[in-house]
Each structure stands twice: as structure tokens, then as C-alpha cells.
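*Asks:* To start, I am sharing the structure in question, which I have written as C-alpha cells.
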Amino acid sequence: MSEELRSRLLVIVPAWNEREALPGVLAELARELPEADVLVVNDGSTDGTAEVARASGTAMVLDLPLNLGVGGAMRAGYRFAARQGYGAAVQVDADGQHDPADVRRVVEALRAESADVVIGARFAGVGSYRVRGPRRWAMSVLSGVLSRIAGTRLTDTTSGFRASNRRAIALFANEYPAEYLGDTVESLVIACRSGLVVRQVGVQMRPRAGGTPSHNPLKAAVFLGRAVFALLIALTRPLGQAPAGVHR
């Protein structure tokens, strides 16, 4: 077992109205990562998500009073991780698309790649996940720009499946963006501008296990515009005070 897994791993599961899929995700996490702690951040759900999370008996639950979006939920999760002294944290979405069997590989890559943040990438030679049209064009533009900023090839900069070490946890606890696409695109820019090392490993993405997708083909063009706008904001927004141990 790697140092990252020995030094207390927290799996953060942001969840908004995921009552249908969440029990299966938690059961898989308990089976695949019995040594890890699991925190479900209930992002203002109204469908009983918090209740099924508590009923699982395998997860801690952090209730947010209203829906803040994935970025707000993850910032709360990182603050919890920082205060509790976790050595690594990994985001796993509550809809079942992220395979808990891949968590160990993503976290182990923190050590193997000497990285602070490791992305579980959908377009890195593993699996058959495909995106077409404007959404794919936007992803390609984002990947190209962020690869240059990170100094390494990144093929899936909008993936939320990612692991962070102690330095990244400290940074994200204070500066993780809550805006749409900020939790993916802008957070990577913040990490790179703060001197953190970002890498990726290929993972296989699965179909949603339940609930309603956050995107559909009709929103693809909107995604394109928002993606470019989010990148511009990320590149021009000043950073705050770096946490201890994080250098720019």
C-alpha cells in the first residue's frame, strides 16, 4: 500500500438529488476501499439523498443548507479534509459514472507521477467513452490550453474524477472555485499557477446508474461558450494567499 493510502484517504462524494444511484456507489466504495473514509457532501438535496447516505452505515454526511453546485460541495469537502488532516482526497461522483475500482490507481499515481493532482481521464486510451459536436470541440480547446499551462499532456480537463495530495487539499480548501466549470477547468489553472504538479491516468467512464444527466445535446453549444468563458476567467483572476506549503 502506498504512502498516500496509508496516510488517511478521504473519498469525497458530492451529491445533489442522487438517492437512486448513491447506495450502489457507497457499497462499491466500501468493497473496493475498506481502508478509506467516505464523506458524502449533500448539496442541498430534496429527494432523501442524505437519508440513504446515512442509512448505508459506511459514510459520513456533510449537509449543505442549499444547493451550491459541485464546486461549492467540493470546497466544503476539501475544508473537511484539511481540518481532519487527511493525506489524500479523491472526488468520486454520486451518479455511478466513476468506477470505485479505479480510485486506487488514481491515488497511487500521486506518488508514481510525483504529482499533487491526478486526473482520472476519459480520453487517455482506456474505455470507449465518446463526446461529439460542440462539447467535444470545447473539451479539445480546454485540453490544449491547459496542457500548455501544466507542461504535460492533459486529455480530459473537465473530468471531476481526480485525486489531490496534502498540498492540493490545503490550496483547494481556500481557493476551490464554485462557478460552473470552475470545479474542473479553473481549479486546474489555480493548481498550476500555484506551482502544483498535475498529471493524469486513463480510466473507464461508466453510464449513469440513475438520476438525471446534467447535460444533454441541446446544451452543447451553451457548454462551448461557458467553457471558453470559464477559461478566460481562470487565466485572469488573481489568486489569494497561498496556504502554507504551497508555492507559486
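Letters A, B, ... go to the chains of the C-alpha cells in the order shown; residues in each chain start at 1; ligands are counted from 1 in the same order.
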Give me the residues within 12 Å of Gly57 of chain A as a ChimeraX atom specification, counting only C-alpha atoms and dropping any in the same chain fewer than 2 places off.
*Replies:* /A:23,26-27,30,37-40,50-55,59-61
*Asks:* Keeping only all heavy atoms, take the residues you just selected and write them out as a tab-separated table (two decimals), in the first residue's frame.
*Replies:*
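Below you can see part-v8.tsv, which holds the result:
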chain	number	residue	atom	x	y	z
A	23	PRO	N	-26.62	4.70	-3.14
A	23	PRO	CA	-26.37	3.47	-2.36
A	23	PRO	C	-25.43	2.50	-3.06
A	23	PRO	O	-24.55	1.90	-2.41
A	23	PRO	CB	-27.77	2.88	-2.20
A	23	PRO	CG	-28.69	4.06	-2.27
A	23	PRO	CD	-28.07	4.96	-3.28
A	26	LEU	N	-21.80	3.87	-2.80
A	26	LEU	CA	-21.24	3.69	-1.46
A	26	LEU	C	-20.90	2.23	-1.19
A	26	LEU	O	-19.88	1.93	-0.55
A	26	LEU	CB	-22.21	4.23	-0.41
A	26	LEU	CG	-22.47	5.74	-0.46
A	26	LEU	CD1	-23.46	6.15	0.61
A	26	LEU	CD2	-21.17	6.53	-0.33
A	27	ALA	N	-21.73	1.33	-1.66
A	27	ALA	CA	-21.45	-0.10	-1.48
A	27	ALA	C	-20.18	-0.50	-2.22
A	27	ALA	O	-19.35	-1.26	-1.69
A	27	ALA	CB	-22.63	-0.93	-1.96
A	30	ALA	N	-17.10	0.89	-0.34
A	30	ALA	CA	-16.80	0.10	0.86
A	30	ALA	C	-16.11	-1.21	0.49
A	30	ALA	O	-15.21	-1.68	1.21
A	30	ALA	CB	-18.09	-0.18	1.63
A	37	ASP	N	-11.86	6.56	4.28
A	37	ASP	CA	-13.06	7.20	4.82
A	37	ASP	C	-13.83	7.81	3.66
A	37	ASP	O	-13.25	8.27	2.68
A	37	ASP	CB	-12.68	8.30	5.81
A	37	ASP	CG	-12.05	7.76	7.08
A	37	ASP	OD1	-12.28	6.58	7.40
A	37	ASP	OD2	-11.30	8.52	7.74
A	38	VAL	N	-15.15	7.84	3.78
A	38	VAL	CA	-16.01	8.37	2.73
A	38	VAL	C	-16.86	9.50	3.31
A	38	VAL	O	-17.49	9.34	4.36
A	38	VAL	CB	-16.93	7.28	2.13
A	38	VAL	CG1	-17.85	7.87	1.07
A	38	VAL	CG2	-16.09	6.14	1.54
A	39	LEU	N	-16.84	10.64	2.62
A	39	LEU	CA	-17.66	11.79	3.02
A	39	LEU	C	-18.62	12.12	1.90
A	39	LEU	O	-18.20	12.49	0.80
A	39	LEU	CB	-16.77	13.00	3.31
A	39	LEU	CG	-17.51	14.30	3.61
A	39	LEU	CD1	-18.20	14.22	4.98
A	39	LEU	CD2	-16.55	15.50	3.57
A	40	VAL	N	-19.91	12.00	2.16
A	40	VAL	CA	-20.93	12.44	1.22
A	40	VAL	C	-21.28	13.89	1.54
A	40	VAL	O	-21.70	14.20	2.66
A	40	VAL	CB	-22.19	11.57	1.29
A	40	VAL	CG1	-23.30	12.14	0.39
A	40	VAL	CG2	-21.88	10.13	0.88
A	50	ALA	N	-29.44	12.51	1.66
A	50	ALA	CA	-28.74	12.43	2.94
A	50	ALA	C	-29.19	11.22	3.74
A	50	ALA	O	-28.38	10.55	4.39
A	50	ALA	CB	-28.98	13.71	3.74
A	51	GLU	N	-30.48	10.91	3.68
A	51	GLU	CA	-31.01	9.79	4.45
A	51	GLU	C	-30.44	8.46	3.97
A	51	GLU	O	-30.05	7.61	4.78
A	51	GLU	CB	-32.53	9.76	4.38
A	51	GLU	CG	-33.23	10.85	5.18
A	51	GLU	CD	-33.13	12.24	4.55
A	51	GLU	OE1	-32.67	12.36	3.39
A	51	GLU	OE2	-33.51	13.22	5.22
A	52	VAL	N	-30.36	8.25	2.64
A	52	VAL	CA	-29.82	6.99	2.15
A	52	VAL	C	-28.32	6.91	2.41
A	52	VAL	O	-27.78	5.80	2.61
A	52	VAL	CB	-30.14	6.77	0.65
A	52	VAL	CG1	-31.64	6.75	0.42
A	52	VAL	CG2	-29.47	7.82	-0.23
A	53	ALA	N	-27.64	8.06	2.41
A	53	ALA	CA	-26.21	8.05	2.72
A	53	ALA	C	-25.97	7.61	4.16
A	53	ALA	O	-25.10	6.77	4.43
A	53	ALA	CB	-25.60	9.43	2.47
A	54	ARG	N	-26.75	8.16	5.08
A	54	ARG	CA	-26.59	7.77	6.48
A	54	ARG	C	-27.01	6.32	6.70
A	54	ARG	O	-26.39	5.60	7.50
A	54	ARG	CB	-27.41	8.70	7.38
A	54	ARG	CG	-26.88	10.13	7.44
A	54	ARG	CD	-27.58	10.96	8.50
A	54	ARG	NE	-26.94	12.28	8.62
A	54	ARG	CZ	-27.32	13.36	7.96
A	54	ARG	NH1	-28.34	13.30	7.11
A	54	ARG	NH2	-26.68	14.50	8.12
A	55	ALA	N	-28.03	5.89	5.99
A	55	ALA	CA	-28.51	4.52	6.16
A	55	ALA	C	-27.49	3.50	5.69
A	55	ALA	O	-27.52	2.34	6.12
A	55	ALA	CB	-29.82	4.33	5.39
A	59	ALA	N	-20.60	5.83	5.42
A	59	ALA	CA	-20.17	7.16	5.02
A	59	ALA	C	-20.52	8.20	6.07
A	59	ALA	O	-21.55	8.11	6.74
A	59	ALA	CB	-20.80	7.55	3.68
A	60	MET	N	-19.67	9.21	6.20
A	60	MET	CA	-20.01	10.42	6.92
A	60	MET	C	-20.82	11.31	5.98
A	60	MET	O	-20.68	11.21	4.76
A	60	MET	CB	-18.74	11.15	7.37
A	60	MET	CG	-17.83	10.34	8.27
A	60	MET	SD	-16.25	11.17	8.62
A	60	MET	CE	-15.40	10.92	7.04
A	61	VAL	N	-21.66	12.17	6.55
A	61	VAL	CA	-22.50	13.03	5.73
A	61	VAL	C	-22.33	14.47	6.19
A	61	VAL	O	-22.46	14.78	7.37
A	61	VAL	CB	-23.98	12.63	5.81
A	61	VAL	CG1	-24.83	13.56	4.94
A	61	VAL	CG2	-24.17	11.18	5.37
*Asks:* Would you kindly return, as a list of chain:residue names, each protein, DNA or RNA residue with an atom no farther than 10 Å from any atom of Ile190 of chain A, considering only C-alpha atoms and excluding same-chain residues fewer than 6 positions away?
*Replies:*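 My list of contacting residues is A:Leu171, A:Phe172, A:Glu175, A:Tyr176, A:Pro177, A:Gly182, A:Leu196, A:Ala234, A:Leu235, A:Arg237, A:Pro238, A:Leu239, A:Arg248.
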*Asks:* Please run DSSP on the backbone and report, as a count of residues only, all residues within segment 53-194 of chain A that come out as helix (DSSP H, G or I).
*Replies:* 73
*Asks:* Between atom CA of Ala101 of chain A and atom CA of Arg31 of chain A, what is the spacing in Å?
*Replies:*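 Here the two named atoms are 9.1 Å from each other.
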*Asks:* So which residues touch Asp43 of chain A within 8 Å, counting only C-alpha atoms, skipping near sequence neighbours fewer than 2 positions away, as a list in words?
*Replies:*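 The residues that qualify are Pro14, Ala15, Trp16, Val41, Ser45, Asp63, Leu64, Pro65, Leu66, Asn67, Leu68, Gly69, Val70 and Ala73 of chain A.
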